[in-house]
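Engineer: To be precise about what I am sending: the file is called structure-v4.txt and holds compact mmCIF, C-alpha atoms and all ligand atoms.
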# COMPACT_ATOMS: atom_id res chain seq x y z
CA MET A 389 -5.52 -16.25 38.65
CA THR A 390 -7.37 -17.43 35.60
CA PRO A 391 -9.78 -14.78 34.26
CA ARG A 392 -13.41 -15.34 35.29
CA ASP A 393 -14.64 -15.83 31.69
CA GLU A 394 -12.02 -18.49 31.09
CA LEU A 395 -12.93 -20.35 34.29
CA ASP A 396 -16.62 -20.18 33.40
CA ARG A 397 -15.88 -21.71 30.02
CA ALA A 398 -13.78 -24.48 31.56
CA ARG A 399 -16.60 -25.18 34.03
CA ALA A 400 -19.16 -25.48 31.22
CA PHE A 401 -16.78 -27.86 29.44
CA PHE A 402 -16.28 -29.87 32.62
CA ASP A 403 -20.07 -30.18 33.00
CA GLY A 404 -20.37 -31.34 29.39
CA ARG A 405 -22.38 -28.28 28.29
CA ILE A 406 -19.90 -27.22 25.59
CA SER A 407 -17.22 -28.97 23.54
CA SER A 408 -13.57 -28.06 23.08
CA GLU A 409 -12.56 -25.30 20.66
CA PRO A 410 -11.36 -26.08 17.13
CA LYS A 411 -7.61 -25.99 16.46
CA LEU A 412 -6.09 -22.55 15.88
CA THR A 413 -5.58 -21.83 12.20
CA PRO A 414 -2.02 -21.30 10.92
CA THR A 415 -2.99 -17.73 10.02
CA ARG A 416 -4.10 -16.97 13.57
CA LYS A 417 -0.89 -18.48 14.94
CA ALA A 418 1.22 -16.45 12.52
CA GLU A 419 -0.59 -13.28 13.63
CA LEU A 420 0.24 -14.00 17.25
CA LEU A 421 3.84 -14.87 16.45
CA ALA A 422 4.48 -11.94 14.14
CA ASN A 423 6.16 -9.81 16.79
CA ALA A 424 7.69 -12.63 18.79
CA ASP A 425 11.12 -12.61 17.18
CA GLY A 426 13.70 -11.42 19.72
CA ARG A 427 11.12 -11.13 22.48
CA ARG A 428 11.66 -12.92 25.78
CA CYS A 429 9.77 -16.00 26.88
CA PRO A 430 7.53 -14.90 29.77
CA THR A 431 8.46 -18.03 31.74
CA CYS A 432 12.22 -18.57 31.29
CA SER A 433 13.27 -15.21 29.73
CA CYS A 434 15.17 -16.84 26.86
CA LYS A 435 15.25 -14.80 23.66
CA MET A 436 12.74 -16.41 21.31
CA ARG A 437 13.06 -16.78 17.56
CA TYR A 438 10.16 -16.70 15.17
CA LEU A 439 10.85 -19.44 12.65
CA LYS A 440 8.39 -18.26 10.07
CA GLY A 441 7.03 -21.06 7.91
CA LYS A 442 9.51 -23.59 9.29
CA MET A 443 8.57 -26.94 10.73
CA PHE A 444 10.37 -27.90 13.92
CA GLY A 445 10.23 -30.48 16.69
CA HIS A 446 11.47 -30.35 20.25
CA GLU A 447 15.06 -29.76 19.12
CA VAL A 448 14.55 -26.02 18.64
CA SER A 449 14.12 -24.93 22.23
CA ASP A 450 13.99 -21.17 21.64
CA ALA A 451 11.43 -21.20 18.84
CA ALA A 452 8.44 -18.98 19.62
CA THR A 453 5.26 -21.04 19.93
CA VAL A 454 1.63 -20.21 20.60
CA GLU A 455 -0.03 -22.05 23.42
CA HIS A 456 -3.33 -22.18 25.25
CA ILE A 457 -2.80 -21.25 28.89
CA ALA A 458 -5.93 -23.15 29.96
CA PRO A 459 -5.40 -26.27 27.80
CA ASN A 460 -7.86 -27.03 25.04
CA LYS A 461 -8.58 -30.42 26.58
CA MET A 462 -9.59 -28.72 29.82
CA GLY A 463 -12.00 -26.45 28.00
CA GLY A 464 -9.61 -23.56 27.35
CA SER A 465 -10.82 -21.03 24.78
CA ASN A 466 -9.23 -19.62 21.62
CA GLU A 467 -9.75 -16.09 22.95
CA ARG A 468 -6.75 -13.79 23.02
CA ARG A 469 -6.79 -13.78 26.86
CA ASN A 470 -6.04 -17.50 26.85
CA LEU A 471 -3.24 -17.51 24.28
CA ALA A 472 0.39 -16.97 25.15
CA VAL A 473 3.61 -16.93 23.14
CA ARG A 474 6.22 -19.00 24.94
CA CYS A 475 9.42 -20.74 23.94
CA ASN A 476 9.13 -24.26 22.55
CA LEU A 477 10.92 -25.75 25.57
CA CYS A 478 8.59 -24.22 28.19
CA ASN A 479 5.52 -24.99 26.08
CA ARG A 480 6.46 -28.65 25.65
CA ALA A 481 7.56 -29.16 29.25
CA SER A 482 4.27 -27.70 30.44
CA GLY A 483 2.25 -29.87 28.06
CA HIS A 484 4.10 -33.02 29.14
CA SER A 485 3.65 -32.40 32.84
CA ILE A 486 -0.07 -31.61 32.48
CA ASN A 487 -0.58 -34.73 30.36
CA GLU A 488 1.03 -36.79 33.07
CA TRP A 489 -1.21 -35.24 35.67
CA MET A 490 -4.28 -36.01 33.56
CA GLN A 491 -3.18 -39.61 33.16
CA ARG A 492 -2.88 -40.04 36.91
CA ARG A 493 -6.15 -38.26 37.72
CA VAL A 494 -8.61 -40.09 35.56
CA ASN A 495 -11.73 -38.36 36.89
CA PRO A 496 -10.55 -35.13 38.48
CA THR A 497 -13.01 -32.99 40.44
CA TRP A 498 -13.77 -29.45 39.32
CA GLU A 499 -11.76 -28.13 42.29
CA GLU A 500 -8.71 -30.05 41.08
CA ILE A 501 -9.11 -28.75 37.52
CA CYS A 502 -9.51 -25.24 38.87
CA ARG A 503 -6.30 -25.58 40.81
CA VAL A 504 -4.41 -26.71 37.71
CA LEU A 505 -5.82 -23.83 35.65
CA ASN A 506 -4.84 -21.27 38.26
CA TYR A 507 -1.41 -22.81 38.46
CA LEU A 508 -0.94 -22.69 34.67
CA TRP A 509 -1.83 -19.02 34.64
CA LEU A 510 1.05 -18.37 37.04
CA GLU A 511 3.42 -20.79 35.32
CA VAL A 512 3.26 -18.64 32.19
CA ARG A 513 3.48 -15.24 33.84
CA ASP A 514 4.94 -15.43 37.33
CA THR A 515 7.12 -18.43 38.09
CA SER A 516 8.06 -17.35 41.61
CA LYS A 517 4.37 -17.15 42.56
CA ALA A 518 3.73 -20.47 40.80
CA ASN A 519 6.49 -22.05 42.86
CA GLU A 520 5.24 -20.47 46.08
CA LEU A 521 1.57 -21.43 45.70
CA TYR A 522 1.79 -24.71 43.76
CA PRO A 523 5.24 -26.17 44.52
CA GLU A 524 4.35 -29.71 43.42
CA PHE A 525 3.11 -28.59 39.99
CA PHE A 526 6.04 -26.27 39.49
CA ALA A 527 8.52 -28.99 40.45
CA ALA A 528 6.92 -31.36 37.92
CA PHE A 529 7.18 -28.68 35.22
CA GLN A 530 10.84 -28.05 36.01
CA ARG A 531 11.66 -31.74 36.00
CA LYS A 532 10.17 -32.07 32.51
CA ARG A 533 11.95 -28.95 31.34
CA ASN A 534 15.33 -30.17 32.60
CA LEU A 535 14.78 -33.55 31.04
CA LEU A 536 14.05 -32.02 27.64
CA LYS A 537 17.03 -29.71 28.00
CA THR A 538 19.37 -32.60 28.78
CA LYS A 539 18.13 -34.51 25.75
CA LEU A 540 18.78 -31.44 23.65
CA ALA A 541 22.29 -30.90 24.96
CA LYS A 542 23.15 -34.45 23.94
CA ARG A 543 21.95 -33.92 20.40
CA GLU A 544 23.28 -30.39 19.97
CA VAL A 545 21.07 -29.62 17.03
CA ARG A 546 21.32 -26.18 15.52
CA VAL A 547 18.69 -24.77 13.21
ZN ZN B 601 10.71 -20.44 28.02
Please render this file's structure as structure tokens.
Ligand SMILES: [Zn+2]
Structural biologist:
Amino acid sequence: MTPRDELDRARAFFDGRISSEPKLTPTRKAELLANADGRRCPTCSCKMRYLKGKMFGHEVSDAATVEHIAPNKMGGSNERRNLAVRCNLCNRASGHSINEWMQRRVNPTWEEICRVLNYLWLEVRDTSKANELYPEFFAAFQRKRNLLKTKLAKREVRV
């Protein structure tokens, strides 16, 4: 479940009372990534690599990345509670599937947003629960993830 403070912030954003947070600074990201090298992705358990100072695209699936659990465009905060270090592949797959959802639901209700936020919380930390409680979201995430993985396998890029 999304922490209460995070949900309250998302609600205020939904009601138009506050705006979205500024982008995380590179320094803040580096701080969060500092100990990520060799650690496991909380979603897929792959061993992540911290590619310090390197630019990379989707081709480096195991690169450690910082992400907002409650997305910035849904009013997610820059507080530590809302930031997770995940592998590039899981982060991108999650972003793609949420973007698709947002494109389909042009004016979602607060209840729908709430559902997505609670799902995302589980997607990062507890995939079996995510699959049990929100099977349609989890299936969409996995489809995206497999798609990205297949693309990668074809290119076989090593960094
Ligand atoms: Zn992962």
Engineer: Kindly provide the residues of chain A that approach ligand ZN 601 (chain B) to within 8 Å, each paired with its closest atom pair and their distance in Å to one decimal, based on all atoms listed in the file, listed by chain and increasing number, as JSON lines.
Structural biologist:
{"residue": "A:Arg428", "atom": "CA", "partner": "B:ZN601", "partner_atom": "ZN", "distance": 7.9}
{"residue": "A:Cys429", "atom": "CA", "partner": "B:ZN601", "partner_atom": "ZN", "distance": 4.7}
{"residue": "A:Pro430", "atom": "CA", "partner": "B:ZN601", "partner_atom": "ZN", "distance": 6.6}
{"residue": "A:Thr431", "atom": "CA", "partner": "B:ZN601", "partner_atom": "ZN", "distance": 5.0}
{"residue": "A:Cys432", "atom": "CA", "partner": "B:ZN601", "partner_atom": "ZN", "distance": 4.1}
{"residue": "A:Ser433", "atom": "CA", "partner": "B:ZN601", "partner_atom": "ZN", "distance": 6.1}
{"residue": "A:Cys434", "atom": "CA", "partner": "B:ZN601", "partner_atom": "ZN", "distance": 5.8}
{"residue": "A:Asp450", "atom": "CA", "partner": "B:ZN601", "partner_atom": "ZN", "distance": 7.2}
{"residue": "A:Arg474", "atom": "CA", "partner": "B:ZN601", "partner_atom": "ZN", "distance": 5.6}
{"residue": "A:Cys475", "atom": "CA", "partner": "B:ZN601", "partner_atom": "ZN", "distance": 4.3}
{"residue": "A:Asn476", "atom": "CA", "partner": "B:ZN601", "partner_atom": "ZN", "distance": 6.9}
{"residue": "A:Leu477", "atom": "CA", "partner": "B:ZN601", "partner_atom": "ZN", "distance": 5.9}
{"residue": "A:Cys478", "atom": "CA", "partner": "B:ZN601", "partner_atom": "ZN", "distance": 4.3}
{"residue": "A:Asn479", "atom": "CA", "partner": "B:ZN601", "partner_atom": "ZN", "distance": 7.2}
Engineer: Residues within 10 Å of (-8.1, -25.3, 28.6), file coordinates, counting all atoms listed in the file: what are they? Give the list as a PyMOL selection string.
Structural biologist: chain A and resi 394-395+397-398+401+408-409+456-466+470+501+504-505+508
Engineer: When you look at region 418-422 of chain A with a cut-off of 10 Å (counting all atoms listed in the file), what residues show up, excluding the ones that are within fewer than 2 positions of it in the same chain? I need them as a list in words.
Structural biologist: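 Within the cut-off, the hits are Thr413, Pro414, Thr415, Arg416, Ala424, Asp425, Arg437, Tyr438, Leu439, Lys440, Gly441, Ala452, Thr453, Val454, Arg468, Leu471, Ala472, Val473 and Arg474 of chain A.
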Engineer: Could you list, as a compact mmCIF listing (two decimals) with C-alpha atoms, in the coordinates of the input, every residue within 8 Å of Tyr522 (chain A), counting all atoms listed in the file and ignoring same-chain residues fewer than 4 positions away?
Structural biologist:
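Generated file (around_36.txt):
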# COMPACT_ATOMS: atom_id res chain seq x y z
CA TYR A 507 -1.41 -22.81 38.46
CA ALA A 518 3.73 -20.47 40.80
CA PHE A 526 6.04 -26.27 39.49
Engineer: Looking at A:Ser449, A:Asn506, A:Thr515, A:Asn534, which one is nearest to Lys435 (chain A), with distances taken over all atoms listed in the file?
Structural biologist: A:Ser449
Engineer: Report as lines of an AutoDock Vina configuration file the centre and the edge lengths, in Å to one decimal, of the axis-aligned box holding every listed atom of region 401-406 of chain A, padded by 5 Å on each side.
Structural biologist:
center_x = -19.3
center_y = -29.3
center_z = 29.3
size_x = 16.1
size_y = 14.1
size_z = 17.4
Engineer: Quick one, how far is CA of Glu500 (chain A) from CA of Ala528 (chain A)?
Structural biologist: 16.0 Å
Engineer: At what distance in Å, to one decimal, does CA of Asn519 (chain A) lie from CA of Ala400 (chain A)?
Structural biologist: 28.4 Å
Engineer: What is the CA of Phe529 (chain A)-CA of Glu511 (chain A) distance in Å, reported with one decimal?
Structural biologist: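 Straight-line distance from CA of Phe529 (chain A) to CA of Glu511 (chain A) works out to 8.7 Å.
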